[in-house]
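So this block is model27.cif, mmCIF, C-alpha atoms:
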data_target
loop_
_atom_site.group_PDB
_atom_site.id
_atom_site.type_symbol
_atom_site.label_atom_id
_atom_site.label_comp_id
_atom_site.auth_asym_id
_atom_site.auth_seq_id
_atom_site.Cartn_x
_atom_site.Cartn_y
_atom_site.Cartn_z
ATOM 1 C CA MET P 1 104.718 123.143 85.402
ATOM 2 C CA THR P 2 106.480 124.128 88.642
ATOM 3 C CA ILE P 3 103.816 122.313 90.668
ATOM 4 C CA ARG P 4 104.111 119.214 88.479
ATOM 5 C CA ALA P 5 107.878 119.225 88.910
ATOM 6 C CA GLY P 6 107.392 119.538 92.664
ATOM 7 C CA VAL P 7 104.942 116.659 92.995
ATOM 8 C CA LEU P 8 107.108 114.394 90.827
ATOM 9 C CA LEU P 9 110.169 115.193 92.938
ATOM 10 C CA ALA P 10 108.202 114.635 96.145
ATOM 11 C CA GLY P 11 106.829 111.326 94.876
ATOM 12 C CA TYR P 12 110.300 110.208 93.803
ATOM 13 C CA ILE P 13 111.824 111.051 97.201
ATOM 14 C CA LEU P 14 108.976 109.379 99.089
ATOM 15 C CA ASP P 15 109.364 106.193 97.065
ATOM 16 C CA LEU P 16 113.112 106.084 97.713
ATOM 17 C CA ALA P 17 112.588 106.712 101.417
ATOM 18 C CA ILE P 18 109.515 104.585 102.139
ATOM 19 C CA GLY P 19 108.984 102.170 99.254
ATOM 20 C CA ASP P 20 105.703 100.302 99.372
ATOM 21 C CA PRO P 21 104.507 100.200 103.003
ATOM 22 C CA HIS P 22 101.987 97.411 103.506
ATOM 23 C CA ILE P 23 99.941 99.536 105.899
ATOM 24 C CA LEU P 24 98.800 101.701 102.955
ATOM 25 C CA TYR P 25 96.098 100.432 100.616
ATOM 26 C CA HIS P 26 97.699 100.504 97.183
ATOM 27 C CA PRO P 27 95.511 101.964 94.397
ATOM 28 C CA VAL P 28 96.673 99.226 91.991
ATOM 29 C CA ARG P 29 94.793 96.750 94.184
ATOM 30 C CA ALA P 30 91.633 98.774 93.595
ATOM 31 C CA ILE P 31 92.338 98.764 89.857
ATOM 32 C CA GLY P 32 92.831 94.998 89.986
ATOM 33 C CA SER P 33 89.498 94.538 91.762
ATOM 34 C CA LEU P 34 87.777 96.735 89.172
ATOM 35 C CA ILE P 35 89.268 94.626 86.377
ATOM 36 C CA LYS P 36 88.020 91.388 87.954
ATOM 37 C CA ILE P 37 84.493 92.741 88.517
ATOM 38 C CA THR P 38 84.204 94.301 85.044
ATOM 39 C CA GLU P 39 85.580 91.201 83.335
ATOM 40 C CA LYS P 40 83.185 88.939 85.226
ATOM 41 C CA ILE P 41 80.127 91.023 84.310
ATOM 42 C CA LEU P 42 80.985 91.462 80.632
ATOM 43 C CA CYS P 43 82.023 87.833 80.204
ATOM 44 C CA ARG P 44 78.701 86.746 81.646
ATOM 45 C CA LEU P 45 76.864 88.958 79.139
ATOM 46 C CA THR P 46 78.855 87.637 76.149
ATOM 47 C CA LYS P 47 79.256 83.991 77.188
ATOM 48 C CA GLY P 48 78.840 81.553 74.304
ATOM 49 C CA ARG P 49 78.595 84.262 71.634
ATOM 50 C CA GLY P 50 81.919 83.584 69.932
ATOM 51 C CA LYS P 51 85.343 85.131 69.474
ATOM 52 C CA LYS P 52 84.115 88.534 68.299
ATOM 53 C CA ALA P 53 81.958 88.893 71.412
ATOM 54 C CA GLU P 54 84.925 87.959 73.588
ATOM 55 C CA PHE P 55 87.064 90.610 71.900
ATOM 56 C CA LEU P 56 84.341 93.232 72.314
ATOM 57 C CA ALA P 57 83.994 92.278 75.982
ATOM 58 C CA GLY P 58 87.727 92.842 76.360
ATOM 59 C CA CYS P 59 87.383 96.241 74.699
ATOM 60 C CA GLY P 60 84.632 97.026 77.168
ATOM 61 C CA VAL P 61 86.864 96.105 80.100
ATOM 62 C CA VAL P 62 89.615 98.365 78.739
ATOM 63 C CA PHE P 63 87.244 101.299 78.246
ATOM 64 C CA ILE P 64 85.589 101.033 81.662
ATOM 65 C CA VAL P 65 88.760 100.396 83.663
ATOM 66 C CA THR P 66 90.841 103.124 82.025
ATOM 67 C CA THR P 67 87.991 105.636 82.257
ATOM 68 C CA VAL P 68 87.277 104.997 85.936
ATOM 69 C CA SER P 69 90.958 104.688 86.908
ATOM 70 C CA THR P 70 91.745 108.041 85.271
ATOM 71 C CA ALA P 71 88.583 109.952 86.134
ATOM 72 C CA VAL P 72 88.608 109.224 89.887
ATOM 73 C CA PRO P 73 92.083 110.701 90.599
ATOM 74 C CA PHE P 74 91.504 113.502 88.068
ATOM 75 C CA PHE P 75 88.376 114.775 89.824
ATOM 76 C CA LEU P 76 89.828 114.173 93.293
ATOM 77 C CA LEU P 77 92.801 116.334 92.369
ATOM 78 C CA LYS P 78 90.577 118.968 90.768
ATOM 79 C CA TRP P 79 88.576 119.151 94.004
ATOM 80 C CA ALA P 80 91.727 119.227 96.172
ATOM 81 C CA TYR P 81 93.430 121.983 94.182
ATOM 82 C CA GLY P 82 90.142 123.911 94.192
ATOM 83 C CA MET P 83 90.037 123.744 97.979
ATOM 84 C CA ASP P 84 93.688 124.635 98.521
ATOM 85 C CA VAL P 85 96.796 124.418 96.366
ATOM 86 C CA LYS P 86 98.731 122.904 99.269
ATOM 87 C CA LEU P 87 96.117 120.168 99.686
ATOM 88 C CA GLY P 88 96.254 119.392 95.977
ATOM 89 C CA PHE P 89 100.055 119.321 96.075
ATOM 90 C CA VAL P 90 100.110 116.868 98.978
ATOM 91 C CA LEU P 91 97.485 114.587 97.417
ATOM 92 C CA GLU P 92 99.155 114.529 93.999
ATOM 93 C CA SER P 93 102.539 113.902 95.615
ATOM 94 C CA LEU P 94 101.072 110.888 97.422
ATOM 95 C CA PHE P 95 99.604 109.637 94.148
ATOM 96 C CA CYS P 96 102.983 109.993 92.410
ATOM 97 C CA PHE P 97 104.663 108.193 95.289
ATOM 98 C CA GLN P 98 102.263 105.246 95.037
ATOM 99 C CA LEU P 99 102.631 105.021 91.264
ATOM 100 C CA LEU P 100 106.402 104.497 91.494
ATOM 101 C CA ALA P 101 107.761 101.070 92.400
ATOM 102 C CA ALA P 102 111.560 101.320 92.399
ATOM 103 C CA LYS P 103 112.170 100.840 96.135
ATOM 104 C CA GLY P 104 109.564 98.094 96.456
ATOM 105 C CA LEU P 105 110.902 96.253 93.423
ATOM 106 C CA TYR P 106 114.447 96.390 94.780
ATOM 107 C CA ILE P 107 113.403 95.176 98.237
ATOM 108 C CA GLU P 108 111.360 92.260 96.902
ATOM 109 C CA SER P 109 114.023 91.211 94.394
ATOM 110 C CA TRP P 110 116.832 91.429 96.932
ATOM 111 C CA LYS P 111 114.901 89.100 99.263
ATOM 112 C CA VAL P 112 115.664 86.505 96.599
ATOM 113 C CA GLY P 113 119.332 87.432 96.608
ATOM 114 C CA MET P 114 119.638 87.273 100.396
ATOM 115 C CA ALA P 115 118.013 83.840 100.523
ATOM 116 C CA LEU P 116 120.381 82.573 97.833
ATOM 117 C CA LEU P 117 123.424 83.935 99.671
ATOM 118 C CA LYS P 118 122.287 82.010 102.752
ATOM 119 C CA GLY P 119 121.949 78.839 100.673
ATOM 120 C CA ASP P 120 118.203 78.764 101.337
ATOM 121 C CA THR P 121 117.000 77.704 97.892
ATOM 122 C CA GLU P 122 113.429 77.000 98.959
ATOM 123 C CA ASN P 123 112.893 80.452 100.448
ATOM 124 C CA ALA P 124 114.598 82.008 97.429
ATOM 125 C CA ARG P 125 112.236 80.091 95.161
ATOM 126 C CA LYS P 126 109.279 81.249 97.259
ATOM 127 C CA ALA P 127 110.479 84.864 97.183
ATOM 128 C CA VAL P 128 110.971 84.888 93.411
ATOM 129 C CA SER P 129 107.519 83.355 92.897
ATOM 130 C CA MET P 130 106.080 86.566 94.392
ATOM 131 C CA ILE P 131 107.566 88.760 91.652
ATOM 132 C CA VAL P 132 107.460 86.599 88.506
ATOM 133 C CA GLY P 133 104.645 85.002 86.537
ATOM 134 C CA ARG P 134 106.454 81.789 85.584
ATOM 135 C CA ASP P 135 106.507 78.446 87.376
ATOM 136 C CA THR P 136 109.407 78.398 89.830
ATOM 137 C CA GLU P 137 109.415 74.798 91.079
ATOM 138 C CA ARG P 138 111.982 73.643 88.502
ATOM 139 C CA LEU P 139 114.394 76.571 88.875
ATOM 140 C CA ASP P 140 117.886 75.944 90.236
ATOM 141 C CA GLU P 141 119.843 78.662 92.069
ATOM 142 C CA ALA P 142 121.117 80.281 88.859
ATOM 143 C CA GLY P 143 117.628 80.143 87.368
ATOM 144 C CA ILE P 144 116.138 81.798 90.454
ATOM 145 C CA ALA P 145 118.702 84.611 90.323
ATOM 146 C CA ARG P 146 118.146 85.011 86.584
ATOM 147 C CA ALA P 147 114.370 85.326 87.062
ATOM 148 C CA ALA P 148 114.882 88.054 89.677
ATOM 149 C CA VAL P 149 117.289 89.992 87.443
ATOM 150 C CA GLU P 150 114.867 89.738 84.514
ATOM 151 C CA THR P 151 112.058 91.120 86.676
ATOM 152 C CA VAL P 152 114.136 94.124 87.750
ATOM 153 C CA ALA P 153 115.261 94.760 84.169
ATOM 154 C CA GLU P 154 111.780 94.531 82.647
ATOM 155 C CA ASN P 155 110.006 96.415 85.422
ATOM 156 C CA THR P 156 112.446 99.306 85.315
ATOM 157 C CA SER P 157 110.246 100.403 82.435
ATOM 158 C CA ASP P 158 106.822 99.222 83.634
ATOM 159 C CA GLY P 159 107.189 100.209 87.274
ATOM 160 C CA VAL P 160 109.499 103.209 87.148
ATOM 161 C CA ILE P 161 110.303 105.021 83.896
ATOM 162 C CA ALA P 162 106.931 104.656 82.138
ATOM 163 C CA PRO P 163 104.906 105.991 85.106
ATOM 164 C CA LEU P 164 107.356 108.884 85.422
ATOM 165 C CA LEU P 165 106.912 109.780 81.761
ATOM 166 C CA PHE P 166 103.109 109.591 81.876
ATOM 167 C CA MET P 167 103.009 111.685 85.047
ATOM 168 C CA ALA P 168 105.408 114.233 83.564
ATOM 169 C CA VAL P 169 103.154 114.746 80.541
ATOM 170 C CA PHE P 170 99.657 114.146 81.954
ATOM 171 C CA GLY P 171 100.011 114.502 85.716
ATOM 172 C CA ALA P 172 99.119 111.873 88.311
ATOM 173 C CA ALA P 173 95.855 111.050 86.500
ATOM 174 C CA GLY P 174 97.936 110.082 83.468
ATOM 175 C CA GLY P 175 100.033 107.868 85.698
ATOM 176 C CA PHE P 176 96.874 106.106 86.851
ATOM 177 C CA PHE P 177 95.818 105.621 83.235
ATOM 178 C CA TYR P 178 99.140 103.917 82.549
ATOM 179 C CA LYS P 179 98.885 101.741 85.675
ATOM 180 C CA ALA P 180 95.389 100.666 84.668
ATOM 181 C CA VAL P 181 96.633 99.615 81.224
ATOM 182 C CA ASN P 182 99.674 97.830 82.637
ATOM 183 C CA THR P 183 97.623 96.026 85.298
ATOM 184 C CA MET P 184 95.086 94.858 82.719
ATOM 185 C CA ASP P 185 97.882 93.467 80.589
ATOM 186 C CA SER P 186 99.379 91.596 83.549
ATOM 187 C CA MET P 187 95.977 90.095 84.398
ATOM 188 C CA MET P 188 94.500 89.548 80.928
ATOM 189 C CA GLY P 189 97.314 89.697 78.390
ATOM 190 C CA TYR P 190 97.773 85.937 78.022
ATOM 191 C CA LYS P 191 97.618 83.923 74.816
ATOM 192 C CA ASN P 192 95.671 81.068 76.352
ATOM 193 C CA GLU P 193 92.178 79.746 75.739
ATOM 194 C CA LYS P 194 90.502 82.178 78.111
ATOM 195 C CA TYR P 195 92.302 85.410 77.168
ATOM 196 C CA LEU P 196 93.354 84.963 73.535
ATOM 197 C CA TYR P 197 90.504 87.237 72.399
ATOM 198 C CA LEU P 198 89.267 88.636 75.712
ATOM 199 C CA GLY P 199 92.680 90.065 76.605
ATOM 200 C CA ARG P 200 93.770 91.176 73.144
ATOM 201 C CA ALA P 201 92.693 94.818 73.455
ATOM 202 C CA ALA P 202 94.453 95.179 76.820
ATOM 203 C CA ALA P 203 97.649 93.628 75.450
ATOM 204 C CA ARG P 204 97.683 95.830 72.334
ATOM 205 C CA LEU P 205 97.063 99.008 74.323
ATOM 206 C CA ASP P 206 99.858 98.052 76.717
ATOM 207 C CA ASP P 207 102.208 97.534 73.746
ATOM 208 C CA LEU P 208 101.312 101.000 72.480
ATOM 209 C CA CYS P 209 101.725 102.731 75.846
ATOM 210 C CA ASN P 210 105.097 101.077 76.461
ATOM 211 C CA TYR P 211 106.583 101.584 73.007
ATOM 212 C CA LEU P 212 108.509 104.774 73.799
ATOM 213 C CA PRO P 213 109.092 104.135 77.552
ATOM 214 C CA ALA P 214 110.725 100.761 76.869
ATOM 215 C CA ARG P 215 113.200 102.294 74.441
ATOM 216 C CA ILE P 216 113.899 105.299 76.652
ATOM 217 C CA THR P 217 114.457 102.911 79.562
ATOM 218 C CA ALA P 218 116.994 100.915 77.569
ATOM 219 C CA GLY P 219 118.921 104.090 76.745
ATOM 220 C CA LEU P 220 118.929 105.125 80.405
ATOM 221 C CA LEU P 221 120.091 101.656 81.493
ATOM 222 C CA ILE P 222 122.926 101.718 78.972
ATOM 223 C CA LEU P 223 124.008 105.150 80.224
ATOM 224 C CA SER P 224 123.726 103.816 83.790
ATOM 225 C CA ALA P 225 126.072 100.963 82.894
ATOM 226 C CA PHE P 226 128.745 103.462 81.863
ATOM 227 C CA LEU P 227 128.232 105.564 85.003
ATOM 228 C CA LEU P 228 128.386 102.540 87.329
ATOM 229 C CA GLY P 229 131.488 101.075 85.741
ATOM 230 C CA TYR P 230 129.715 98.107 84.144
ATOM 231 C CA ASP P 231 130.203 97.194 80.483
ATOM 232 C CA GLY P 232 128.324 100.013 78.772
ATOM 233 C CA LYS P 233 129.719 99.216 75.353
ATOM 234 C CA GLN P 234 128.545 95.621 75.574
ATOM 235 C CA ALA P 235 125.183 96.798 76.959
ATOM 236 C CA PHE P 236 124.674 98.843 73.799
ATOM 237 C CA GLY P 237 125.818 95.992 71.545
ATOM 238 C CA ILE P 238 123.587 93.347 73.132
ATOM 239 C CA TYR P 239 120.697 95.810 73.160
ATOM 240 C CA CYS P 240 121.017 96.448 69.431
ATOM 241 C CA ARG P 241 121.202 92.712 68.739
ATOM 242 C CA ASP P 242 118.666 91.206 71.182
ATOM 243 C CA ARG P 243 116.095 93.930 71.857
ATOM 244 C CA TYR P 244 113.421 92.050 69.881
ATOM 245 C CA GLN P 245 114.162 88.591 71.325
ATOM 246 C CA HIS P 246 110.780 88.449 73.027
ATOM 247 C CA ALA P 247 107.180 87.832 72.005
ATOM 248 C CA SER P 248 106.344 91.309 73.297
ATOM 249 C CA PRO P 249 107.708 94.203 71.189
ATOM 250 C CA ASN P 250 108.819 96.004 74.359
ATOM 251 C CA SER P 251 109.819 93.527 77.077
ATOM 252 C CA ALA P 252 113.305 92.610 75.843
ATOM 253 C CA HIS P 253 114.680 96.163 75.652
ATOM 254 C CA GLY P 254 115.540 96.534 79.331
ATOM 255 C CA GLU P 255 116.602 92.906 79.664
ATOM 256 C CA ALA P 256 118.996 93.199 76.717
ATOM 257 C CA ALA P 257 120.659 96.310 78.157
ATOM 258 C CA VAL P 258 121.088 94.712 81.592
ATOM 259 C CA ALA P 259 122.302 91.373 80.172
ATOM 260 C CA GLY P 260 124.967 93.140 78.148
ATOM 261 C CA ALA P 261 126.041 95.411 80.983
ATOM 262 C CA LEU P 262 126.491 92.529 83.429
ATOM 263 C CA GLY P 263 127.868 90.002 80.935
ATOM 264 C CA ILE P 264 125.135 87.438 81.612
ATOM 265 C CA ARG P 265 122.456 85.635 79.634
ATOM 266 C CA LEU P 266 118.780 86.146 80.479
ATOM 267 C CA ALA P 267 115.425 84.754 79.263
ATOM 268 C CA GLY P 268 115.469 81.382 77.483
ATOM 269 C CA PRO P 269 113.000 78.489 77.948
ATOM 270 C CA ALA P 270 110.594 78.912 80.870
ATOM 271 C CA TRP P 271 107.591 77.090 82.323
ATOM 272 C CA TYR P 272 104.230 78.857 82.591
ATOM 273 C CA PHE P 273 101.209 77.076 84.093
ATOM 274 C CA GLY P 274 102.854 73.709 83.510
ATOM 275 C CA VAL P 275 103.708 74.387 79.848
ATOM 276 C CA LEU P 276 107.291 74.856 78.613
ATOM 277 C CA HIS P 277 107.701 77.949 76.429
ATOM 278 C CA LYS P 278 110.847 77.893 74.301
ATOM 279 C CA LYS P 279 111.793 81.553 74.461
ATOM 280 C CA PRO P 280 115.070 82.779 72.904
ATOM 281 C CA PHE P 281 117.996 83.794 75.080
ATOM 282 C CA ILE P 282 119.024 87.422 75.587
ATOM 283 C CA GLY P 283 122.738 88.074 75.972
ATOM 284 C CA ASP P 284 125.811 85.928 75.416
ATOM 285 C CA PRO P 285 126.500 82.649 77.257
ATOM 286 C CA GLY P 286 129.170 83.041 79.899
ATOM 287 C CA ARG P 287 129.082 82.805 83.649
ATOM 288 C CA ASP P 288 125.985 81.771 85.588
ATOM 289 C CA VAL P 289 123.796 84.517 86.978
ATOM 290 C CA GLU P 290 124.702 85.055 90.642
ATOM 291 C CA PRO P 291 122.829 86.702 93.548
ATOM 292 C CA GLU P 292 124.981 89.842 93.345
ATOM 293 C CA ASP P 293 123.635 90.420 89.814
ATOM 294 C CA ILE P 294 120.248 91.178 91.390
ATOM 295 C CA ARG P 295 121.848 94.003 93.366
ATOM 296 C CA ARG P 296 123.716 95.223 90.275
ATOM 297 C CA ALA P 297 120.499 95.311 88.243
ATOM 298 C CA GLY P 298 118.887 97.250 91.083
ATOM 299 C CA LYS P 299 121.689 99.815 91.013
ATOM 300 C CA MET P 300 121.173 100.231 87.277
ATOM 301 C CA MET P 301 117.441 100.746 87.871
ATOM 302 C CA PHE P 302 117.981 103.427 90.535
ATOM 303 C CA THR P 303 120.552 105.221 88.385
ATOM 304 C CA ALA P 304 118.245 105.145 85.350
ATOM 305 C CA GLU P 305 115.416 106.534 87.491
ATOM 306 C CA ALA P 306 117.613 109.348 88.836
ATOM 307 C CA LEU P 307 118.650 110.276 85.304
ATOM 308 C CA ALA P 308 115.023 110.282 84.155
ATOM 309 C CA VAL P 309 113.915 112.444 87.086
ATOM 310 C CA ALA P 310 116.739 114.928 86.467
ATOM 311 C CA VAL P 311 115.868 115.312 82.779
ATOM 312 C CA ILE P 312 112.115 115.522 83.434
ATOM 313 C CA LEU P 313 112.518 118.145 86.171
ATOM 314 C CA ALA P 314 114.839 120.207 84.006
ATOM 315 C CA GLY P 315 112.341 120.022 81.150
ATOM 316 C CA LEU P 316 109.381 121.019 83.313
ATOM 317 C CA LEU P 317 111.187 123.870 85.048
ATOM 318 C CA LEU P 318 112.645 125.232 81.810
ATOM 319 C CA GLY P 319 109.343 124.849 79.958
ATOM 320 C CA TRP P 320 110.615 122.495 77.257
#
Rewrite the structure of this file - the entire thing - as structure tokens.
Amino acid sequence: MTIRAGVLLAGYILDLAIGDPHILYHPVRAIGSLIKITEKILCRLTKGRGKKAEFLAGCGVVFIVTTVSTAVPFFLLKWAYGMDVKLGFVLESLFCFQLLAAKGLYIESWKVGMALLKGDTENARKAVSMIVGRDTERLDEAGIARAAVETVAENTSDGVIAPLLFMAVFGAAGGFFYKAVNTMDSMMGYKNEKYLYLGRAAARLDDLCNYLPARITAGLLILSAFLLGYDGKQAFGIYCRDRYQHASPNSAHGEAAVAGALGIRLAGPAWYFGVLHKKPFIGDPGRDVEPEDIRRAGKMMFTAEALAVAVILAGLLLGW
């Protein structure tokens, strides 16, 4: 447990200090490539065989990708620790560092804010298109800022708190399992003609894996609002009211807490692949979302992460 606490702390510090350097090959890219290859092969084998075959192909993708993505780091770490505990510690620390995305998420989201502050709407729109899945061509300045805030709020769970929790319980290999599930959902979890059945298993597993992390994240964000001097009481109220205002059972939890804390309204109708989706709003109507809200959401994310790390380390060191 002491070693696990050490590698988590090292990974956390490295992420805060370095973020996501482009010179390093990120393991999520390898997971993404594995998903594409596996999907292509299994789809070719089940082509034209109906909805059940598509669903089974999706199950096959989930099984293969999660197994490989977990087994490779597990056996690498087993070998490294067998050679030398220090080598294993360094390797697992690097894995933990790469599985956390707080610094990278803040940097990429704040690029949007900086462009908006300069009045450069086109570059802001381009920057936000790199971190969201929706169409961005129709977004005005407030819409661009809102999309960036939503991404920070939602990914505080997916990119920060959930990986921390999986690594705390299952080690770095567990973190890779979670990343594999989350990456499959982001690539296959669409309710369109291609993925309605093919991506169903990935989407359901992602819902399951994020059930507790999403709710823990919301609690940490609400506590962060109090600590940062934002409206913690309203964060709790909006969370209780709007936490299920999303097609996903987990995605609105972080957004609701952030919307309440900052006194803004998030979500609402959005365009995806040229189709308007009439999603409900999260939060109360008031002022427009402004660039500074991106920074505020980032502060909430970092504070929530620090709280999570403190509790996890205390639990590991005290043997809870």
Residue neighbourhood P:Asp185, 12 Å, only C-alpha atoms, exclusion window fewer than 2 positions, as a ChimeraX atom specification: /P:32,35,58,61-62,65,158,178-183,187-191,195-196,198-210,248
Output the selection as a compact mmCIF listing (two decimals), in the coordinates of the input - C-alpha atoms for each residue.
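Output contents, as saved in selection-v7.txt:
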# COMPACT_ATOMS: atom_id res chain seq x y z
CA GLY P 32 92.83 95.00 89.99
CA ILE P 35 89.27 94.63 86.38
CA GLY P 58 87.73 92.84 76.36
CA VAL P 61 86.86 96.10 80.10
CA VAL P 62 89.62 98.36 78.74
CA VAL P 65 88.76 100.40 83.66
CA ASP P 158 106.82 99.22 83.63
CA TYR P 178 99.14 103.92 82.55
CA LYS P 179 98.88 101.74 85.68
CA ALA P 180 95.39 100.67 84.67
CA VAL P 181 96.63 99.62 81.22
CA ASN P 182 99.67 97.83 82.64
CA THR P 183 97.62 96.03 85.30
CA MET P 187 95.98 90.10 84.40
CA MET P 188 94.50 89.55 80.93
CA GLY P 189 97.31 89.70 78.39
CA TYR P 190 97.77 85.94 78.02
CA LYS P 191 97.62 83.92 74.82
CA TYR P 195 92.30 85.41 77.17
CA LEU P 196 93.35 84.96 73.54
CA LEU P 198 89.27 88.64 75.71
CA GLY P 199 92.68 90.06 76.60
CA ARG P 200 93.77 91.18 73.14
CA ALA P 201 92.69 94.82 73.46
CA ALA P 202 94.45 95.18 76.82
CA ALA P 203 97.65 93.63 75.45
CA ARG P 204 97.68 95.83 72.33
CA LEU P 205 97.06 99.01 74.32
CA ASP P 206 99.86 98.05 76.72
CA ASP P 207 102.21 97.53 73.75
CA LEU P 208 101.31 101.00 72.48
CA CYS P 209 101.72 102.73 75.85
CA ASN P 210 105.10 101.08 76.46
CA SER P 248 106.34 91.31 73.30
Nearest residue to P:Lys40 out of P:Val160, P:Pro27, P:Ala57, P:Ala173, using all atoms listed in the file? P:Ala57
With 9 Å as the cut-off and only C-alpha atoms counted, what is the closest atom pair between each nearby residue of stretch 143-249 of chain P and stretch 312-316 of chain P? Distances in Å to one decimal, ordered by chain and number, as a tab-separated table.
residue	atom	partner	partner_atom	distance
P:Leu164	CA	P:Ile312	CA	8.4
P:Leu165	CA	P:Ile312	CA	7.9
P:Ala168	CA	P:Ile312	CA	6.8
Tell me, in Å to one decimal, how far atom CA of P:Gly229 is from atom CA of P:Gly119.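 Rounded to one decimal, the two atoms are 28.4 Å apart.
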Please identify all polymer residues within 6 Å of stretch 49-56 of chain P, counting all atoms listed in the file, omitting same-chain residues fewer than 3 positions from it, and present them as a PDB file with C-alpha atoms, keeping the file's coordinate frame.
ATOM      1  CA  THR P  46      78.855  87.637  76.149  1.00  0.00           C
ATOM      2  CA  CYS P  59      87.383  96.241  74.699  1.00  0.00           C
ATOM      3  CA  TYR P 197      90.504  87.237  72.399  1.00  0.00           C
ATOM      4  CA  LEU P 198      89.267  88.636  75.712  1.00  0.00           C
TER       5      LEU P 198
END
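Atom CA of P:Ala267 sits 20.5 Å away from atom CA of P:Pro213.
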Which protein, DNA or RNA residues are at most 12 Å from (109.6, 109.0, 96.3) in the file's coordinates when you count all atoms listed in the file, listed as a PyMOL selection string? chain P and resi 6-20+93-104+160+164+302+305-306+309
Using all atoms listed in the file, list the residues that have an atom at most 9 Å from (121.6, 81.0, 91.6), coordinates as in the file, as a VMD selection string. chain P and resid 113 116 to 117 121 139 to 146 288 to 291
Nearest residue to P:Ser157 out of P:Cys43, P:Leu212, P:Leu34, P:Ala124, using only C-alpha atoms?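 The closest residue to P:Ser157 is P:Leu212.
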Counting only C-alpha atoms, which residue out of P:Ser33, P:Arg287, P:Tyr239, P:Phe177 sits closest to P:Pro73?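 Nearest candidate to P:Pro73 out of P:Ser33, P:Arg287, P:Tyr239, P:Phe177: P:Phe177.
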Within 7 Å of P:Pro280 using all atoms listed in the file, minus same-chain residues under 2 positions, as a PyMOL selection string: chain P and resi 245+267-269+278+282
Can you work out which one of P:Arg265, P:Pro285, P:Lys118, P:Leu221 has the shortest atom-to-atom distance to P:Lys299, counting only C-alpha atoms? P:Leu221
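For P:Glu154, the list of residues within 7 Å, based on only C-alpha atoms and with local chain neighbours fewer than 6 positions off taken out, reads Ser251, Gly254 and Glu255 of chain P.
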In Å, how far is it from atom CA of P:Glu108 to atom CA of P:Tyr211?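 Calculated distance between atom CA of P:Glu108 and atom CA of P:Tyr211 is 26.1 Å.
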Nearest to P:Ala162 by atom-to-atom distance, counting all atoms listed in the file, from P:Met301, P:Ala235, P:Ala148, P:Ile216: P:Ile216
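Nearest to P:Ile161 of all the residues P:Ala71, P:Ala214, P:Met184, P:Ile107 is P:Ala214, based on all atoms listed in the file.
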Name all residues at most 10 Å from stretch 82-85 of chain P (count only C-alpha atoms; drop same-chain ones fewer than 6 positions away) and give them as a list in words.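 Surrounding residues, per the criterion: Ile3, Leu76 and Leu91 of chain P.
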Could you dump the residues just selected with C-alpha atoms as a JSON list (two decimals), keeping the file's coordinate frame?
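What follows is the written file selection_33.json:
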[["chain", "number", "residue", "atom", "x", "y", "z"],
["P", 3, "ILE", "CA", 103.82, 122.31, 90.67],
["P", 76, "LEU", "CA", 89.83, 114.17, 93.29],
["P", 91, "LEU", "CA", 97.48, 114.59, 97.42]]
Taking the partial coordinates given, rebuild stretch 50-60 of chain P to contain N, CA and C atoms; return it as a CSV table (one decimal), keeping the file's coordinate frame.
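The file below, result.csv, is the result:
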chain,number,residue,atom,x,y,z
P,50,GLY,N,80.8,83.7,70.9
P,50,GLY,CA,81.9,83.6,69.9
P,50,GLY,C,83.1,84.5,70.2
P,51,LYS,N,84.1,84.4,69.3
P,51,LYS,CA,85.3,85.1,69.5
P,51,LYS,C,85.2,86.6,69.4
P,52,LYS,N,84.3,87.1,68.5
P,52,LYS,CA,84.1,88.5,68.3
P,52,LYS,C,83.5,89.1,69.6
P,53,ALA,N,82.6,88.4,70.2
P,53,ALA,CA,82.0,88.9,71.4
P,53,ALA,C,83.0,88.9,72.5
P,54,GLU,N,83.9,88.0,72.6
P,54,GLU,CA,84.9,88.0,73.6
P,54,GLU,C,85.8,89.2,73.4
P,55,PHE,N,86.2,89.5,72.2
P,55,PHE,CA,87.1,90.6,71.9
P,55,PHE,C,86.4,91.9,72.3
P,56,LEU,N,85.1,92.0,72.0
P,56,LEU,CA,84.3,93.2,72.3
P,56,LEU,C,84.2,93.4,73.8
P,57,ALA,N,84.0,92.2,74.5
P,57,ALA,CA,84.0,92.3,76.0
P,57,ALA,C,85.3,92.8,76.5
P,58,GLY,N,86.4,92.4,75.9
P,58,GLY,CA,87.7,92.8,76.4
P,58,GLY,C,87.9,94.3,76.1
P,59,CYS,N,87.4,94.8,75.0
P,59,CYS,CA,87.4,96.2,74.7
P,59,CYS,C,86.6,97.0,75.7
P,60,GLY,N,85.5,96.4,76.1
P,60,GLY,CA,84.6,97.0,77.2
P,60,GLY,C,85.4,97.1,78.5
